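Participant: Below you'll find structure.cif; it's mmCIF, C-alpha atoms.
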data_upload
#
loop_
_atom_site.label_atom_id
_atom_site.label_comp_id
_atom_site.auth_asym_id
_atom_site.auth_seq_id
_atom_site.Cartn_x
_atom_site.Cartn_y
_atom_site.Cartn_z
CA MET R 1 90.39 174.52 131.69
CA PRO R 2 91.14 171.89 129.02
CA SER R 3 88.74 169.00 128.64
CA SER R 4 89.76 165.45 129.38
CA PRO R 5 88.67 161.94 128.38
CA ASN R 6 85.44 160.65 129.86
CA HIS R 7 84.94 156.94 130.49
CA THR R 8 81.12 157.00 130.40
CA PRO R 9 78.90 158.71 127.82
CA GLU R 10 76.35 161.06 129.40
CA THR R 11 72.69 161.20 128.35
CA TYR R 12 69.62 163.43 128.45
CA ASP R 13 65.89 162.74 128.28
CA ASN R 14 64.59 161.91 124.80
CA PRO R 15 62.35 164.85 123.83
CA HIS R 16 60.16 162.55 121.65
CA PRO R 17 60.00 159.11 123.35
CA GLY R 18 56.71 158.21 121.66
CA ARG R 19 58.23 158.21 118.17
CA ASP R 20 60.80 156.02 116.48
CA TYR R 21 63.44 158.20 114.83
CA ARG R 22 67.03 157.59 113.86
CA VAL R 23 69.99 159.51 115.22
CA HIS R 24 73.04 159.27 112.94
CA LEU R 25 76.45 160.23 114.33
CA ASP R 26 79.56 160.36 112.15
CA ILE R 27 82.82 160.47 114.09
CA PRO R 28 85.60 160.94 111.53
CA GLU R 29 88.53 160.11 113.78
CA ILE R 30 89.07 157.88 116.76
CA THR R 31 92.42 156.49 117.72
CA CYS R 32 93.67 153.67 119.88
CA LEU R 33 96.89 151.71 120.03
CA CYS R 34 97.66 148.37 118.47
CA PRO R 35 98.03 146.01 121.46
CA LEU R 36 100.86 144.15 119.71
CA THR R 37 103.03 146.97 118.34
CA GLY R 38 101.88 150.05 120.29
CA GLN R 39 101.44 151.93 117.00
CA PRO R 40 98.35 154.12 116.60
CA ASP R 41 95.26 152.83 114.81
CA PHE R 42 92.78 155.29 113.27
CA ALA R 43 89.10 154.73 112.52
CA ARG R 44 85.94 156.46 111.41
CA PHE R 45 82.91 155.51 113.48
CA ARG R 46 79.30 155.76 112.39
CA ILE R 47 76.67 155.27 115.06
CA ASP R 48 72.98 154.93 114.23
CA TYR R 49 70.43 154.50 116.97
CA VAL R 50 66.70 154.67 117.64
CA PRO R 51 66.43 156.16 121.12
CA ASP R 52 63.97 154.99 123.74
CA ARG R 53 64.03 157.20 126.84
CA ARG R 54 67.59 158.60 126.57
CA ASN R 55 69.78 160.33 123.97
CA VAL R 56 73.56 160.65 124.09
CA GLU R 57 75.04 164.05 124.88
CA LEU R 58 77.54 164.82 122.11
CA LYS R 59 80.37 166.48 124.05
CA SER R 60 80.48 163.55 126.46
CA LEU R 61 80.47 161.14 123.50
CA LYS R 62 83.45 162.97 122.01
CA GLN R 63 85.27 162.76 125.33
CA TYR R 64 84.34 159.08 125.67
CA MET R 65 85.72 158.29 122.21
CA TRP R 66 88.87 160.19 123.20
CA SER R 67 89.34 157.82 126.15
CA PHE R 68 90.56 155.09 123.77
CA ARG R 69 93.51 157.16 122.53
CA ASP R 70 96.12 155.62 124.86
CA GLN R 71 94.57 152.16 125.17
CA GLY R 72 95.91 149.10 123.45
CA ALA R 73 92.98 147.16 121.99
CA PHE R 74 92.02 145.17 118.93
CA HIS R 75 89.55 146.74 116.50
CA GLU R 76 86.82 144.25 117.33
CA ASP R 77 87.21 144.92 121.06
CA VAL R 78 87.04 148.72 120.75
CA THR R 79 83.94 148.52 118.54
CA ASN R 80 82.10 146.15 120.89
CA ARG R 81 83.12 148.08 124.02
CA ILE R 82 81.70 151.27 122.51
CA LEU R 83 78.47 149.44 121.64
CA ASP R 84 78.23 148.01 125.18
CA ALA R 85 78.80 151.42 126.79
CA LEU R 86 76.15 153.07 124.62
CA VAL R 87 73.64 150.28 125.27
CA ALA R 88 74.28 150.59 129.04
CA ALA R 89 73.88 154.40 128.97
CA LEU R 90 70.98 154.69 126.52
CA ALA R 91 69.04 151.40 126.57
CA PRO R 92 68.07 152.25 122.95
CA ARG R 93 65.43 150.50 120.89
CA PHE R 94 68.13 149.81 118.29
CA ILE R 95 71.78 150.74 117.83
CA ARG R 96 74.42 149.94 115.22
CA VAL R 97 78.07 150.87 115.62
CA SER R 98 80.09 150.71 112.39
CA ALA R 99 83.85 151.11 112.75
CA HIS R 100 85.85 151.66 109.58
CA TRP R 101 89.50 151.14 110.52
CA TYR R 102 92.05 152.68 108.20
CA VAL R 103 94.63 150.59 106.40
CA ARG R 104 97.17 148.71 108.45
CA GLY R 105 99.50 146.30 106.67
CA GLY R 106 97.50 146.69 103.45
CA ILE R 107 94.17 145.73 105.07
CA PHE R 108 91.14 147.91 105.82
CA THR R 109 88.97 146.49 108.59
CA THR R 110 85.28 147.19 109.13
CA VAL R 111 83.60 145.99 112.31
CA ILE R 112 79.81 146.32 112.70
CA ALA R 113 78.06 145.51 115.97
CA GLU R 114 74.33 145.86 116.74
CA HIS R 115 71.85 145.67 119.59
CA ARG R 116 68.04 145.49 119.51
CA LYS R 117 65.84 146.03 122.52
CA ARG R 118 63.93 142.84 123.25
CA GLY R 119 60.49 143.02 121.67
CA TRP R 120 61.17 146.14 119.58
CA LYS R 121 60.22 145.86 115.93
CA PRO R 122 60.83 148.69 113.51
CA ALA R 123 57.94 150.11 111.57
CA ALA R 124 57.71 149.06 107.94
CA ALA R 125 59.87 151.16 105.64
CA VAL R 126 58.06 153.72 103.52
CA ALA R 127 59.17 153.90 99.89
CA LEU R 128 58.84 157.35 98.42
CA ASP R 129 59.18 158.33 94.79
CA PRO R 130 62.19 160.54 94.11
CA ILE R 131 61.47 164.23 94.00
CA ASP R 132 60.78 165.32 90.45
CA ASP R 133 63.54 167.70 89.40
CA HIS R 134 61.57 168.83 86.33
CA SER R 135 64.46 167.78 84.08
CA SER R 136 62.00 166.16 81.69
CA ILE R 137 60.09 169.41 81.10
CA SER R 138 60.75 170.81 77.67
CA THR R 139 61.31 174.56 77.42
CA SER R 140 60.93 174.73 73.64
#
Is it possible to express this structure as structure tokens?
Facilitator:
Amino acid sequence: MPSSPNHTPETYDNPHPGRDYRVHLDIPEITCLCPLTGQPDFARFRIDYVPDRRNVELKSLKQYMWSFRDQGAFHEDVTNRILDALVAALAPRFIRVSAHWYVRGGIFTTVIAEHRKRGWKPAAAVALDPIDDHSSISTS
């Protein structure tokens, strides 16, 4: 039985709700239609989120992204609709959706939309020294 588009991303319980951690998703191709010309638009989506109680199930996310294939929508609309759907499904501590739309008429478009859970503050970043690759050790 072939799969079909899904209009709502599915979730599962976060296995580590007591810890802030980042989930990075790289979706190399999503398509929709230009609402003015009907021609296809192609994008690469990057989604970064800090889950709270829910994580997104990947097959359902793929099927959700597929649901835009035959829809006419502007780049900004698609990006923000995806953010809204993920916020509704996950209620994450933080989420950023970055859409990198391929060239159309000589212009690349990047749309970035974010959401932060009210009251959530990320922990301070930890700066680590780069791993020593021993390239400065003399063998003579």
Participant: If we draw a sphere of 12 Å around (92.8, 148.8, 110.0), which residues have at least one atom in it when counting all atoms listed in the file? Please report them as a list in words.
Facilitator: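 Checked against the point, the hits come out as Ile30, Thr31, Cys32, Leu33, Cys34, Gln39, Pro40, Asp41, Phe42, Ala43, Arg44, Phe74, His75, Glu76, Ala99, His100, Trp101, Tyr102, Val103, Arg104, Gly105, Gly106, Ile107, Phe108, Thr109, Thr110 and Val111 of chain R.
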Participant: Measuring between only C-alpha atoms, which one of R:Tyr12, R:Trp120, R:Tyr64, R:Tyr49 shows the shortest distance to Val78 of chain R?
Facilitator: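 Under the stated criterion, the closest residue is R:Tyr64.
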Participant: Measuring between only C-alpha atoms, which one of R:Pro130, R:Gly38, R:Pro17, R:Gly119 shows the shortest distance to Gln71 of chain R?
Facilitator: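 Under the stated criterion, the closest residue is R:Gly38.
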Participant: Expressed in Å to a single decimal, how great is the separation between atom CA of Gly72 of chain R and atom CA of Leu36 of chain R?
Facilitator: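 One can read the atom CA of Gly72 of chain R to atom CA of Leu36 of chain R distance as 7.9 Å.
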Participant: Using all atoms listed in the file, pick whichever of R:Leu61, R:Ile27, R:Ile47, R:Ala88 has the shortest atom-to-atom distance to Lys117 of chain R.
Facilitator: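 Counting all atoms listed in the file, the residue closest to Lys117 of chain R is R:Ala88.
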Participant: Mind telling me what the PyMOL selection byres ((chain R and resi 6) around 7) catches here, as a list in words?
Facilitator: Ser4, Pro5, His7, Thr8, Ser60, Gln63, Tyr64 and Ser67 of chain R
Participant: Could you tell me how far atom CA of Val126 of chain R sits from atom CA of Val87 of chain R, in Å to one decimal place?
Facilitator: 27.0 Å
Participant: Using all atoms listed in the file, which of R:Pro51, R:Pro92, R:Gly18, R:Pro35 sits nearest Ala73 of chain R?
Facilitator: R:Pro35
Participant: List as a list of chain:residue names the protein and nucleic acid residues near Val23 of chain R, meaning an atom at most 12 Å away when only C-alpha atoms are counted, but skip any in the same chain fewer than 3 places from it.
Facilitator: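 What passes the distance filter is R:Asn14, R:Asp20, R:Asp26, R:Arg46, R:Ile47, R:Asp48, R:Tyr49, R:Val50, R:Pro51, R:Asp52, R:Arg54, R:Asn55, R:Val56, R:Glu57, R:Leu58, R:Pro92, R:Arg93, R:Phe94, R:Ile95, R:Arg96, R:Val97.
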Participant: Distance atom CA of Pro28 of chain R-atom CA of Ala91 of chain R, one decimal place?
Facilitator: 24.3 Å
Participant: Which is closest to Trp66 of chain R among R:Arg53, R:Asn80, R:Ala125, R:Pro9, if we use all atoms listed in the file?
Facilitator: R:Pro9
Participant: Write segment 22-35 of chain R as a JSON list (two decimals), in the coordinates of the input, completed to N, CA and C atoms.
Facilitator:
[["chain", "number", "residue", "atom", "x", "y", "z"],
["R", 22, "ARG", "N", 65.64, 158.00, 113.89],
["R", 22, "ARG", "CA", 67.03, 157.59, 113.86],
["R", 22, "ARG", "C", 67.94, 158.77, 114.14],
["R", 23, "VAL", "N", 68.92, 158.54, 114.98],
["R", 23, "VAL", "CA", 69.99, 159.51, 115.22],
["R", 23, "VAL", "C", 71.23, 158.93, 114.55],
["R", 24, "HIS", "N", 71.84, 159.71, 113.66],
["R", 24, "HIS", "CA", 73.04, 159.27, 112.94],
["R", 24, "HIS", "C", 74.19, 160.15, 113.39],
["R", 25, "LEU", "N", 75.25, 159.52, 113.88],
["R", 25, "LEU", "CA", 76.45, 160.23, 114.33],
["R", 25, "LEU", "C", 77.63, 159.76, 113.49],
["R", 26, "ASP", "N", 78.39, 160.68, 112.97],
["R", 26, "ASP", "CA", 79.56, 160.36, 112.15],
["R", 26, "ASP", "C", 80.77, 160.94, 112.86],
["R", 27, "ILE", "N", 81.64, 160.07, 113.32],
["R", 27, "ILE", "CA", 82.82, 160.47, 114.09],
["R", 27, "ILE", "C", 84.03, 160.16, 113.21],
["R", 28, "PRO", "N", 84.59, 161.18, 112.56],
["R", 28, "PRO", "CA", 85.60, 160.94, 111.53],
["R", 28, "PRO", "C", 86.95, 160.46, 112.03],
["R", 29, "GLU", "N", 87.23, 160.60, 113.33],
["R", 29, "GLU", "CA", 88.53, 160.11, 113.78],
["R", 29, "GLU", "C", 88.48, 159.67, 115.24],
["R", 30, "ILE", "N", 88.83, 158.43, 115.42],
["R", 30, "ILE", "CA", 89.07, 157.88, 116.76],
["R", 30, "ILE", "C", 90.39, 157.13, 116.66],
["R", 31, "THR", "N", 91.14, 157.20, 117.72],
["R", 31, "THR", "CA", 92.42, 156.49, 117.72],
["R", 31, "THR", "C", 92.52, 155.60, 118.95],
["R", 32, "CYS", "N", 93.26, 154.54, 118.78],
["R", 32, "CYS", "CA", 93.67, 153.67, 119.88],
["R", 32, "CYS", "C", 95.04, 153.14, 119.51],
["R", 33, "LEU", "N", 95.57, 152.27, 120.31],
["R", 33, "LEU", "CA", 96.89, 151.71, 120.03],
["R", 33, "LEU", "C", 96.78, 150.24, 119.70],
["R", 34, "CYS", "N", 97.58, 149.80, 118.77],
["R", 34, "CYS", "CA", 97.66, 148.37, 118.47],
["R", 34, "CYS", "C", 98.22, 147.68, 119.72],
["R", 35, "PRO", "N", 97.54, 146.66, 120.24],
["R", 35, "PRO", "CA", 98.03, 146.01, 121.46],
["R", 35, "PRO", "C", 99.31, 145.20, 121.24]]
